[in-house]
file structure_11.csv (CSV, C-alpha atoms)
chain,number,residue,atom,x,y,z
A,1,MET,CA,75.3,-216.7,-133.7
A,2,SER,CA,76.1,-220.0,-135.3
A,3,ALA,CA,79.2,-220.4,-133.2
A,4,VAL,CA,77.3,-221.1,-130.0
A,5,ALA,CA,79.5,-223.3,-127.9
A,6,THR,CA,77.9,-226.6,-127.1
A,7,SER,CA,79.1,-228.9,-124.4
A,8,THR,CA,79.4,-232.6,-125.0
A,9,THR,CA,78.9,-233.3,-121.3
A,10,PRO,CA,75.3,-234.2,-120.3
A,11,ALA,CA,73.6,-231.6,-118.3
A,12,HIS,CA,73.5,-233.6,-115.0
A,13,ASP,CA,76.5,-235.7,-115.4
A,14,HIS,CA,78.1,-234.4,-112.3
A,15,ASP,CA,75.2,-235.8,-110.3
A,16,HIS,CA,75.9,-239.4,-111.3
A,17,GLY,CA,78.4,-241.9,-110.2
A,18,HIS,CA,79.4,-240.1,-107.0
A,19,GLU,CA,76.8,-241.5,-104.6
A,20,PRO,CA,78.3,-243.8,-102.0
A,21,PRO,CA,77.1,-247.4,-102.1
A,22,TYR,CA,73.9,-248.2,-100.2
A,23,ILE,CA,75.7,-250.1,-97.4
A,24,VAL,CA,77.9,-247.0,-96.7
A,25,ARG,CA,74.8,-244.7,-96.6
A,26,LEU,CA,73.0,-247.2,-94.4
A,27,ARG,CA,75.9,-247.2,-91.9
A,28,ASN,CA,76.0,-243.4,-91.8
A,29,ASN,CA,72.3,-243.1,-91.5
A,30,ARG,CA,72.2,-245.6,-88.6
A,31,LEU,CA,74.9,-243.7,-86.8
A,32,GLY,CA,73.1,-240.4,-87.4
A,33,LEU,CA,69.8,-241.7,-86.1
A,34,TRP,CA,71.4,-243.2,-83.0
A,35,LEU,CA,73.2,-240.0,-82.3
A,36,PHE,CA,69.9,-238.2,-82.5
A,37,CYS,CA,68.3,-240.7,-80.1
A,38,PHE,CA,71.3,-240.2,-77.7
A,39,SER,CA,70.9,-236.4,-77.9
A,40,GLU,CA,67.2,-236.8,-77.0
A,41,LEU,CA,68.2,-238.7,-73.9
A,42,PHE,CA,69.5,-235.4,-72.4
A,43,LEU,CA,66.0,-233.9,-72.8
A,44,PHE,CA,64.1,-236.8,-71.3
A,45,GLY,CA,66.8,-237.3,-68.7
A,46,ALA,CA,66.4,-233.7,-67.6
A,47,LEU,CA,62.6,-234.2,-67.2
A,48,LEU,CA,63.2,-237.4,-65.2
A,49,SER,CA,65.6,-235.6,-62.9
A,50,ALA,CA,63.0,-232.9,-62.4
A,51,ARG,CA,60.5,-235.6,-61.4
A,52,PHE,CA,62.8,-237.0,-58.7
A,53,TYR,CA,64.1,-233.5,-57.6
A,54,LEU,CA,60.6,-232.1,-57.2
A,55,TRP,CA,58.5,-235.1,-56.2
A,56,GLY,CA,61.2,-237.0,-54.4
A,57,ALA,CA,61.6,-240.8,-54.6
A,58,ASP,CA,58.9,-241.6,-52.1
A,59,SER,CA,55.9,-239.7,-53.5
A,60,ARG,CA,53.8,-239.3,-56.7
A,61,PRO,CA,50.4,-237.8,-57.5
A,62,GLU,CA,47.4,-240.2,-57.5
A,63,LEU,CA,46.8,-241.3,-61.1
A,64,ASP,CA,44.5,-243.9,-62.4
A,65,GLN,CA,46.5,-247.2,-62.4
A,66,THR,CA,44.2,-249.0,-64.9
A,67,LEU,CA,44.6,-246.3,-67.5
A,68,GLY,CA,48.4,-246.1,-66.9
A,69,LEU,CA,48.7,-249.9,-67.4
A,70,ILE,CA,46.4,-249.9,-70.5
A,71,THR,CA,48.3,-247.1,-72.2
A,72,THR,CA,51.7,-248.8,-71.4
A,73,ALA,CA,50.4,-252.1,-72.7
A,74,VAL,CA,49.1,-250.5,-75.9
A,75,LEU,CA,52.5,-248.8,-76.6
A,76,LEU,CA,54.3,-252.1,-75.9
A,77,ILE,CA,52.0,-254.0,-78.4
A,78,SER,CA,52.6,-251.2,-81.0
A,79,SER,CA,56.3,-251.8,-80.6
A,80,PHE,CA,55.7,-255.5,-81.3
A,81,PHE,CA,53.8,-254.7,-84.5
A,82,ILE,CA,56.4,-252.2,-85.9
A,83,ASN,CA,59.0,-254.9,-85.3
A,84,ARG,CA,56.8,-257.3,-87.2
A,85,ALA,CA,56.5,-254.7,-90.0
A,86,GLU,CA,60.2,-254.3,-90.2
A,87,THR,CA,60.7,-258.1,-90.2
A,88,ALA,CA,58.1,-258.5,-92.9
A,89,ILE,CA,59.7,-256.0,-95.4
A,90,GLY,CA,63.0,-257.8,-94.8
A,91,TYR,CA,61.4,-260.9,-96.4
A,92,ASN,CA,59.4,-258.9,-99.0
A,93,ASP,CA,56.2,-259.8,-97.3
A,94,ARG,CA,54.5,-256.6,-98.3
A,95,LYS,CA,51.0,-257.4,-97.0
A,96,THR,CA,52.2,-258.2,-93.5
A,97,PHE,CA,54.4,-255.1,-93.6
A,98,LEU,CA,51.6,-252.7,-94.5
A,99,ASN,CA,49.0,-254.3,-92.2
A,100,SER,CA,51.4,-254.3,-89.2
A,101,LEU,CA,52.4,-250.7,-89.8
A,102,MET,CA,48.7,-249.7,-89.9
A,103,VAL,CA,48.1,-251.6,-86.6
A,104,THR,CA,51.1,-249.7,-85.1
A,105,PHE,CA,49.6,-246.4,-86.2
A,106,VAL,CA,46.1,-247.2,-84.7
A,107,LEU,CA,47.7,-248.4,-81.4
A,108,GLY,CA,49.8,-245.3,-81.2
A,109,LEU,CA,46.7,-243.2,-81.7
A,110,ILE,CA,45.0,-245.1,-78.9
A,111,PHE,CA,48.0,-244.4,-76.7
A,112,LEU,CA,47.8,-240.7,-77.5
A,113,ILE,CA,44.1,-240.5,-76.9
A,114,GLY,CA,44.6,-242.4,-73.6
A,115,VAL,CA,47.2,-239.9,-72.3
A,116,VAL,CA,46.1,-236.6,-73.8
A,117,GLY,CA,42.3,-237.3,-74.0
A,118,PHE,CA,41.7,-239.1,-70.7
A,119,GLU,CA,44.7,-238.6,-68.4
A,120,TRP,CA,44.8,-234.9,-69.2
A,121,GLY,CA,41.1,-234.7,-68.9
A,122,LEU,CA,40.5,-233.1,-72.3
A,123,PHE,CA,37.3,-235.2,-72.7
A,124,GLY,CA,36.0,-234.0,-69.4
A,125,ILE,CA,35.7,-237.5,-68.0
A,126,ALA,CA,36.8,-238.0,-64.4
A,127,ILE,CA,38.9,-241.2,-64.6
A,128,GLY,CA,38.8,-243.5,-61.5
A,129,GLY,CA,36.5,-241.1,-59.7
A,130,HIS,CA,39.1,-238.3,-59.2
A,131,GLU,CA,39.7,-235.2,-61.2
A,132,PRO,CA,42.7,-235.2,-63.5
A,133,LEU,CA,45.8,-233.2,-62.7
A,134,LYS,CA,45.9,-229.7,-64.0
A,135,PRO,CA,49.1,-227.9,-65.3
A,136,THR,CA,48.4,-225.4,-62.6
A,137,ASP,CA,48.7,-228.0,-59.8
A,138,GLY,CA,52.1,-226.8,-58.7
A,139,ILE,CA,55.0,-229.2,-58.9
A,140,TRP,CA,52.7,-232.1,-59.5
A,141,GLY,CA,51.1,-230.7,-62.6
A,142,ALA,CA,54.3,-229.1,-63.9
A,143,VAL,CA,56.3,-232.3,-63.9
A,144,PHE,CA,53.4,-234.5,-65.0
A,145,TYR,CA,52.5,-232.3,-68.0
A,146,GLY,CA,56.2,-231.7,-68.8
A,147,MET,CA,56.9,-235.4,-69.0
A,148,THR,CA,53.7,-236.6,-70.7
A,149,GLY,CA,53.6,-233.6,-73.0
A,150,MET,CA,57.1,-233.9,-74.3
A,151,HIS,CA,56.5,-237.6,-74.8
A,152,ALA,CA,53.2,-237.0,-76.5
A,153,ILE,CA,54.8,-234.7,-79.0
A,154,HIS,CA,57.3,-237.5,-79.9
A,155,VAL,CA,54.4,-240.0,-80.3
A,156,LEU,CA,52.6,-237.5,-82.6
A,157,THR,CA,55.8,-237.2,-84.7
A,158,GLY,CA,56.2,-241.0,-84.7
A,159,LEU,CA,52.6,-241.3,-86.0
A,160,ILE,CA,53.3,-238.9,-88.9
A,161,PHE,CA,56.5,-240.8,-89.7
A,162,ILE,CA,54.5,-244.1,-89.7
A,163,LEU,CA,51.9,-242.7,-92.0
A,164,ILE,CA,54.5,-241.5,-94.5
A,165,VAL,CA,56.3,-244.8,-94.5
A,166,TRP,CA,53.0,-246.7,-94.9
A,167,ASN,CA,52.0,-244.5,-97.8
A,168,ASN,CA,55.4,-245.0,-99.5
A,169,GLY,CA,55.2,-248.7,-98.9
A,170,ARG,CA,51.7,-248.7,-100.4
A,171,LYS,CA,53.2,-247.1,-103.5
A,172,GLY,CA,55.7,-249.9,-103.8
A,173,HIS,CA,58.7,-248.3,-102.2
A,174,PHE,CA,61.1,-250.4,-100.1
A,175,SER,CA,62.4,-253.8,-100.7
A,176,ALA,CA,64.1,-256.6,-98.7
A,177,GLU,CA,67.5,-255.3,-99.7
A,178,GLU,CA,66.8,-251.5,-99.3
A,179,HIS,CA,64.4,-250.3,-96.6
A,180,TRP,CA,66.2,-247.8,-94.5
A,181,GLY,CA,63.0,-245.7,-94.2
A,182,VAL,CA,61.2,-248.5,-92.5
A,183,GLU,CA,64.2,-249.3,-90.2
A,184,ALA,CA,64.5,-245.6,-89.2
A,185,CYS,CA,60.8,-245.4,-88.5
A,186,ALA,CA,60.9,-248.6,-86.4
A,187,ILE,CA,64.0,-247.3,-84.4
A,188,TYR,CA,62.3,-244.0,-83.8
A,189,TRP,CA,59.1,-245.6,-82.6
A,190,HIS,CA,60.9,-248.1,-80.3
A,191,PHE,CA,62.8,-245.1,-78.9
A,192,VAL,CA,59.5,-243.4,-78.0
A,193,ASP,CA,58.5,-246.7,-76.3
A,194,VAL,CA,61.8,-246.9,-74.4
A,195,ILE,CA,61.2,-243.4,-73.0
A,196,TRP,CA,57.7,-244.5,-71.8
A,197,ILE,CA,59.2,-247.7,-70.3
A,198,ILE,CA,61.2,-245.4,-68.0
A,199,PHE,CA,58.5,-242.7,-67.6
A,200,TYR,CA,55.7,-245.2,-66.7
A,201,PRO,CA,57.1,-246.3,-63.3
A,202,ALA,CA,58.4,-242.8,-62.6
A,203,LEU,CA,54.9,-241.3,-63.0
A,204,TYR,CA,52.6,-244.1,-61.9
A,205,LEU,CA,54.5,-246.5,-59.6
A,206,ILE,CA,57.4,-245.1,-57.7
A,207,GLY,CA,56.6,-243.8,-54.2
A,208,ALA,CA,53.3,-243.4,-52.3
A,209,ALA,CA,50.3,-241.8,-54.0
A,210,ILE,CA,49.3,-238.4,-52.8
A,211,VAL,CA,45.8,-237.2,-53.5
A,212,ILE,CA,46.0,-233.7,-55.1
A,213,HIS,CA,42.3,-232.9,-55.5
B,214,MET,CA,70.0,-264.1,-92.5
B,215,LYS,CA,67.6,-265.8,-90.1
B,216,ASP,CA,64.8,-267.9,-91.6
B,217,LYS,CA,61.5,-266.0,-91.7
B,218,LYS,CA,59.6,-268.0,-89.0
B,219,ALA,CA,62.5,-267.7,-86.6
B,220,ALA,CA,62.7,-263.9,-87.2
B,221,TYR,CA,58.9,-263.5,-86.4
B,222,ARG,CA,59.2,-265.9,-83.4
B,223,GLN,CA,62.0,-263.8,-81.9
B,224,GLY,CA,59.7,-260.7,-82.0
B,225,VAL,CA,56.9,-262.7,-80.3
B,226,ASN,CA,59.3,-264.0,-77.6
B,227,ILE,CA,60.6,-260.6,-76.7
B,228,PHE,CA,57.1,-259.2,-76.6
B,229,ILE,CA,56.0,-262.0,-74.1
B,230,LEU,CA,59.1,-261.2,-72.0
B,231,LEU,CA,58.2,-257.5,-72.0
B,232,ALA,CA,54.6,-258.3,-71.1
B,233,VAL,CA,55.7,-260.5,-68.1
B,234,LEU,CA,58.1,-257.8,-66.9
B,235,THR,CA,55.4,-255.2,-67.1
B,236,ILE,CA,53.0,-257.3,-65.0
B,237,ILE,CA,55.9,-257.8,-62.4
B,238,GLU,CA,56.6,-254.1,-62.5
B,239,PHE,CA,52.9,-253.3,-61.9
B,240,TYR,CA,52.7,-255.5,-58.9
B,241,PHE,CA,56.0,-254.1,-57.5
B,242,GLY,CA,54.5,-250.7,-57.9
B,243,ILE,CA,51.2,-251.5,-56.3
B,244,TYR,CA,52.7,-253.4,-53.3
B,245,SER,CA,56.0,-251.8,-52.7
B,246,GLY,CA,56.7,-248.7,-54.9
B,247,SER,CA,60.4,-249.3,-54.4
B,248,LEU,CA,62.6,-247.1,-56.6
B,249,SER,CA,65.4,-249.5,-57.1
B,250,LEU,CA,63.2,-252.6,-57.9
B,251,LEU,CA,61.1,-250.6,-60.3
B,252,MET,CA,64.0,-249.0,-62.1
B,253,LEU,CA,65.8,-252.4,-62.3
B,254,VAL,CA,62.8,-253.8,-64.2
B,255,ALA,CA,62.4,-250.7,-66.4
B,256,VAL,CA,66.1,-250.8,-67.4
B,257,ALA,CA,65.8,-254.6,-68.2
B,258,LYS,CA,62.7,-253.8,-70.4
B,259,ALA,CA,64.5,-250.9,-72.1
B,260,GLY,CA,67.5,-253.1,-72.7
B,261,LEU,CA,65.4,-255.8,-74.4
B,262,VAL,CA,63.8,-253.2,-76.7
B,263,VAL,CA,67.1,-251.5,-77.5
B,264,TYR,CA,68.9,-254.8,-78.3
B,265,TYR,CA,66.2,-256.9,-80.0
B,266,TYR,CA,63.8,-254.4,-81.5
B,267,MET,CA,66.1,-251.5,-82.2
B,268,HIS,CA,69.1,-253.7,-83.2
B,269,ILE,CA,71.7,-251.4,-81.6
B,270,TYR,CA,74.5,-253.9,-82.5
B,271,ARG,CA,74.0,-253.1,-86.2
B,272,VAL,CA,75.7,-249.7,-85.6
B,273,TRP,CA,79.1,-251.3,-85.1
B,274,ARG,CA,78.6,-254.7,-86.9
B,275,GLU,CA,78.2,-252.9,-90.2
B,276,GLU,CA,75.6,-255.4,-91.4
B,277,SER,CA,72.8,-254.8,-93.8
B,278,HIS,CA,69.1,-255.0,-93.0
call {"tool": "encode", "arguments": {"input": "structure_11.csv", "output": "structure tokens"}}
result
Amino acid sequence: MSAVATSTTPAHDHDHGHEPPYIVRLRNNRLGLWLFCFSELFLFGALLSARFYLWGADSRPELDQTLGLITTAVLLISSFFINRAETAIGYNDRKTFLNSLMVTFVLGLIFLIGVVGFEWGLFGIAIGGHEPLKPTDGIWGAVFYGMTGMHAIHVLTGLIFILIVWNNGRKGHFSAEEHWGVEACAIYWHFVDVIWIIFYPALYLIGAAIVIH
Amino acid sequence: MKDKKAAYRQGVNIFILLAVLTIIEFYFGIYSGSLSLLMLVAVAKAGLVVYYYMHIYRVWREESH
């Protein structure tokens, strides 16, 4: 038993030295994320097509304009703050980075509550004096809940992403030179904002309002 | 790399532009509801976000952060 063969090669040697440089990984990661965003456009594009096919270009259900404008503004401000967080980590300004990321999270949460809680009527409050649309309200409810629901799922995922990045940042991860995690989170959050930028006029502004209830 | 203040300022300027376009969009929606006008403003807003906030040009310029 004394002649047990021992290798002189360290156990995990094959894991070292083959990782591509950071800049190469960064380039591939960026391309991958952008391809993901592009593929998502087909999903949201289909929902937008359904809106125009079923509602037409000259009609929309009556929704509360104030609530629509507030939620849109909140999401836009959150985009500004996540851009600020990304800029801050680029200069190793960790305090601004973490604070801005947390503000983005809170604003995202407010947006989600605005749409799901108030616009969907989950809180039982009649906004603007009229009852909220129901998923059973024919083409009006189907399109409205399809569009806002799919978007809300993406907002929720973005919020989880932001929390993970914030927690990692708090533990000292990320630097001015290497912060792909922050950049990816920012790109994803902005993408969610871009979708709402297109959905907002499609749901709230285009065409004449039709009272459903 | 841009200087720190200029980088922050760019974020603020784009936000102001987006806010102004949103107000214009809201008034277009309330007073006309025109599909082409509203989509034009929405595409302009989306373009600003994609270029300045999402930095789409980094995909082909191969630059670091």
call {"tool": "atom_distance", "arguments": {"input": "structure_11.csv", "atom1": "atom CA of A:Pro61", "atom2": "atom CA of A:Val74"}}
result
22.4 Å
call {"tool": "residues_around", "arguments": {"input": "structure_11.csv", "residues": "A:Val192", "least_positions_apart": "6", "cutoff": "8 Å", "atoms": "only C-alpha atoms", "output": "VMD selection string"}}
result
chain A and resid 151 154 to 155 158
call {"tool": "interface_residues", "arguments": {"input": "structure_11.csv", "of": "chain B", "to": "chain A", "cutoff": "6 Å", "atoms": "only C-alpha atoms", "output": "JSON, numbers by chain"}}
result
{"B": [242, 246, 248, 255, 259, 267]}
call {"tool": "atom_distance", "arguments": {"input": "structure_11.csv", "atom1": "atom CA of A:Thr136", "atom2": "atom CA of A:Gly56"}}
result
19.1 Å
call {"tool": "atom_distance", "arguments": {"input": "structure_11.csv", "atom1": "atom CA of A:Val115", "atom2": "atom CA of A:Phe36"}}
result
24.9 Å
call {"tool": "residues_near_point", "arguments": {"input": "structure_11.csv", "point": "(61.1, -253.3, -70.5)", "cutoff": "10 Å", "atoms": "all atoms listed in the file", "output": "CSV table (one decimal) with C-alpha atoms, keeping the file's coordinate frame"}}
result
chain,number,residue,atom,x,y,z
A,76,LEU,CA,54.3,-252.1,-75.9
A,193,ASP,CA,58.5,-246.7,-76.3
A,194,VAL,CA,61.8,-246.9,-74.4
A,196,TRP,CA,57.7,-244.5,-71.8
A,197,ILE,CA,59.2,-247.7,-70.3
A,198,ILE,CA,61.2,-245.4,-68.0
B,227,ILE,CA,60.6,-260.6,-76.7
B,228,PHE,CA,57.1,-259.2,-76.6
B,230,LEU,CA,59.1,-261.2,-72.0
B,231,LEU,CA,58.2,-257.5,-72.0
B,232,ALA,CA,54.6,-258.3,-71.1
B,233,VAL,CA,55.7,-260.5,-68.1
B,234,LEU,CA,58.1,-257.8,-66.9
B,235,THR,CA,55.4,-255.2,-67.1
B,238,GLU,CA,56.6,-254.1,-62.5
B,252,MET,CA,64.0,-249.0,-62.1
B,253,LEU,CA,65.8,-252.4,-62.3
B,254,VAL,CA,62.8,-253.8,-64.2
B,255,ALA,CA,62.4,-250.7,-66.4
B,256,VAL,CA,66.1,-250.8,-67.4
B,257,ALA,CA,65.8,-254.6,-68.2
B,258,LYS,CA,62.7,-253.8,-70.4
B,259,ALA,CA,64.5,-250.9,-72.1
B,260,GLY,CA,67.5,-253.1,-72.7
B,261,LEU,CA,65.4,-255.8,-74.4
B,262,VAL,CA,63.8,-253.2,-76.7
B,263,VAL,CA,67.1,-251.5,-77.5
call {"tool": "closest_residue", "arguments": {"input": "structure_11.csv", "among": "A:Val116, A:Ile212, A:Met150, A:Leu98", "to": "A:Phe174", "atoms": "only C-alpha atoms"}}
result
A:Leu98
call {"tool": "closest_residue", "arguments": {"input": "structure_11.csv", "among": "B:Glu276, B:Phe239, B:Arg271, B:Tyr266", "to": "B:Asn226", "atoms": "all atoms listed in the file"}}
result
B:Tyr266
call {"tool": "residues_around", "arguments": {"input": "structure_11.csv", "residues": "stretch 52-54 of chain A", "least_positions_apart": "5", "cutoff": "10 Å", "atoms": "all atoms listed in the file", "output": "list in words"}}
result
Leu47, Ser59, Arg60, Ile139, Trp140, Ala142, Val143, Ala202, Leu203 and Ile206 of chain A
call {"tool": "closest_residue", "arguments": {"input": "structure_11.csv", "among": "A:Leu112, A:Cys185, A:Ile164, A:Leu133", "to": "A:Leu63", "atoms": "all atoms listed in the file"}}
result
A:Leu133
call {"tool": "residues_around", "arguments": {"input": "structure_11.csv", "residues": "A:Ile70", "least_positions_apart": "6", "cutoff": "10 Å", "atoms": "only C-alpha atoms", "output": "list of chain:residue names"}}
result
A:Leu76, A:Ile110, A:Phe111, A:Gly114
call {"tool": "build_atoms", "arguments": {"input": "structure_11.csv", "residues": "stretch 236-248 of chain B", "atoms": "N, CA and C atoms", "output": "mmCIF file, in the coordinates of the input"}}
result
data_model
loop_
_atom_site.group_PDB
_atom_site.id
_atom_site.type_symbol
_atom_site.label_atom_id
_atom_site.label_comp_id
_atom_site.auth_asym_id
_atom_site.auth_seq_id
_atom_site.Cartn_x
_atom_site.Cartn_y
_atom_site.Cartn_z
ATOM 1 N N ILE B 236 53.954 -256.812 -66.036
ATOM 2 C CA ILE B 236 53.000 -257.300 -65.000
ATOM 3 C C ILE B 236 53.796 -257.297 -63.629
ATOM 4 N N ILE B 237 55.041 -257.806 -63.663
ATOM 5 C CA ILE B 237 55.900 -257.800 -62.400
ATOM 6 C C ILE B 237 56.042 -256.396 -61.911
ATOM 7 N N GLU B 238 56.351 -255.501 -62.841
ATOM 8 C CA GLU B 238 56.600 -254.100 -62.500
ATOM 9 C C GLU B 238 55.315 -253.480 -61.865
ATOM 10 N N PHE B 239 54.166 -253.795 -62.438
ATOM 11 C CA PHE B 239 52.900 -253.300 -61.900
ATOM 12 C C PHE B 239 52.677 -253.726 -60.488
ATOM 13 N N TYR B 240 52.934 -255.018 -60.227
ATOM 14 C CA TYR B 240 52.700 -255.500 -58.900
ATOM 15 C C TYR B 240 53.754 -254.948 -57.889
ATOM 16 N N PHE B 241 54.992 -254.787 -58.354
ATOM 17 C CA PHE B 241 56.000 -254.100 -57.500
ATOM 18 C C PHE B 241 55.514 -252.715 -57.143
ATOM 19 N N GLY B 242 54.973 -252.030 -58.141
ATOM 20 C CA GLY B 242 54.500 -250.700 -57.900
ATOM 21 C C GLY B 242 53.345 -250.581 -56.966
ATOM 22 N N ILE B 243 52.396 -251.520 -57.108
ATOM 23 C CA ILE B 243 51.200 -251.500 -56.300
ATOM 24 C C ILE B 243 51.556 -251.895 -54.815
ATOM 25 N N TYR B 244 52.414 -252.916 -54.670
ATOM 26 C CA TYR B 244 52.700 -253.400 -53.300
ATOM 27 C C TYR B 244 53.930 -252.917 -52.627
ATOM 28 N N SER B 245 54.873 -252.339 -53.380
ATOM 29 C CA SER B 245 56.000 -251.800 -52.700
ATOM 30 C C SER B 245 56.392 -250.372 -53.093
ATOM 31 N N GLY B 246 56.369 -250.087 -54.383
ATOM 32 C CA GLY B 246 56.700 -248.700 -54.900
ATOM 33 C C GLY B 246 58.212 -248.452 -54.713
ATOM 34 N N SER B 247 59.006 -249.514 -54.580
ATOM 35 C CA SER B 247 60.400 -249.300 -54.400
ATOM 36 C C SER B 247 61.122 -248.814 -55.635
ATOM 37 N N LEU B 248 61.873 -247.748 -55.460
ATOM 38 C CA LEU B 248 62.600 -247.100 -56.600
ATOM 39 C C LEU B 248 63.540 -248.045 -57.272
#
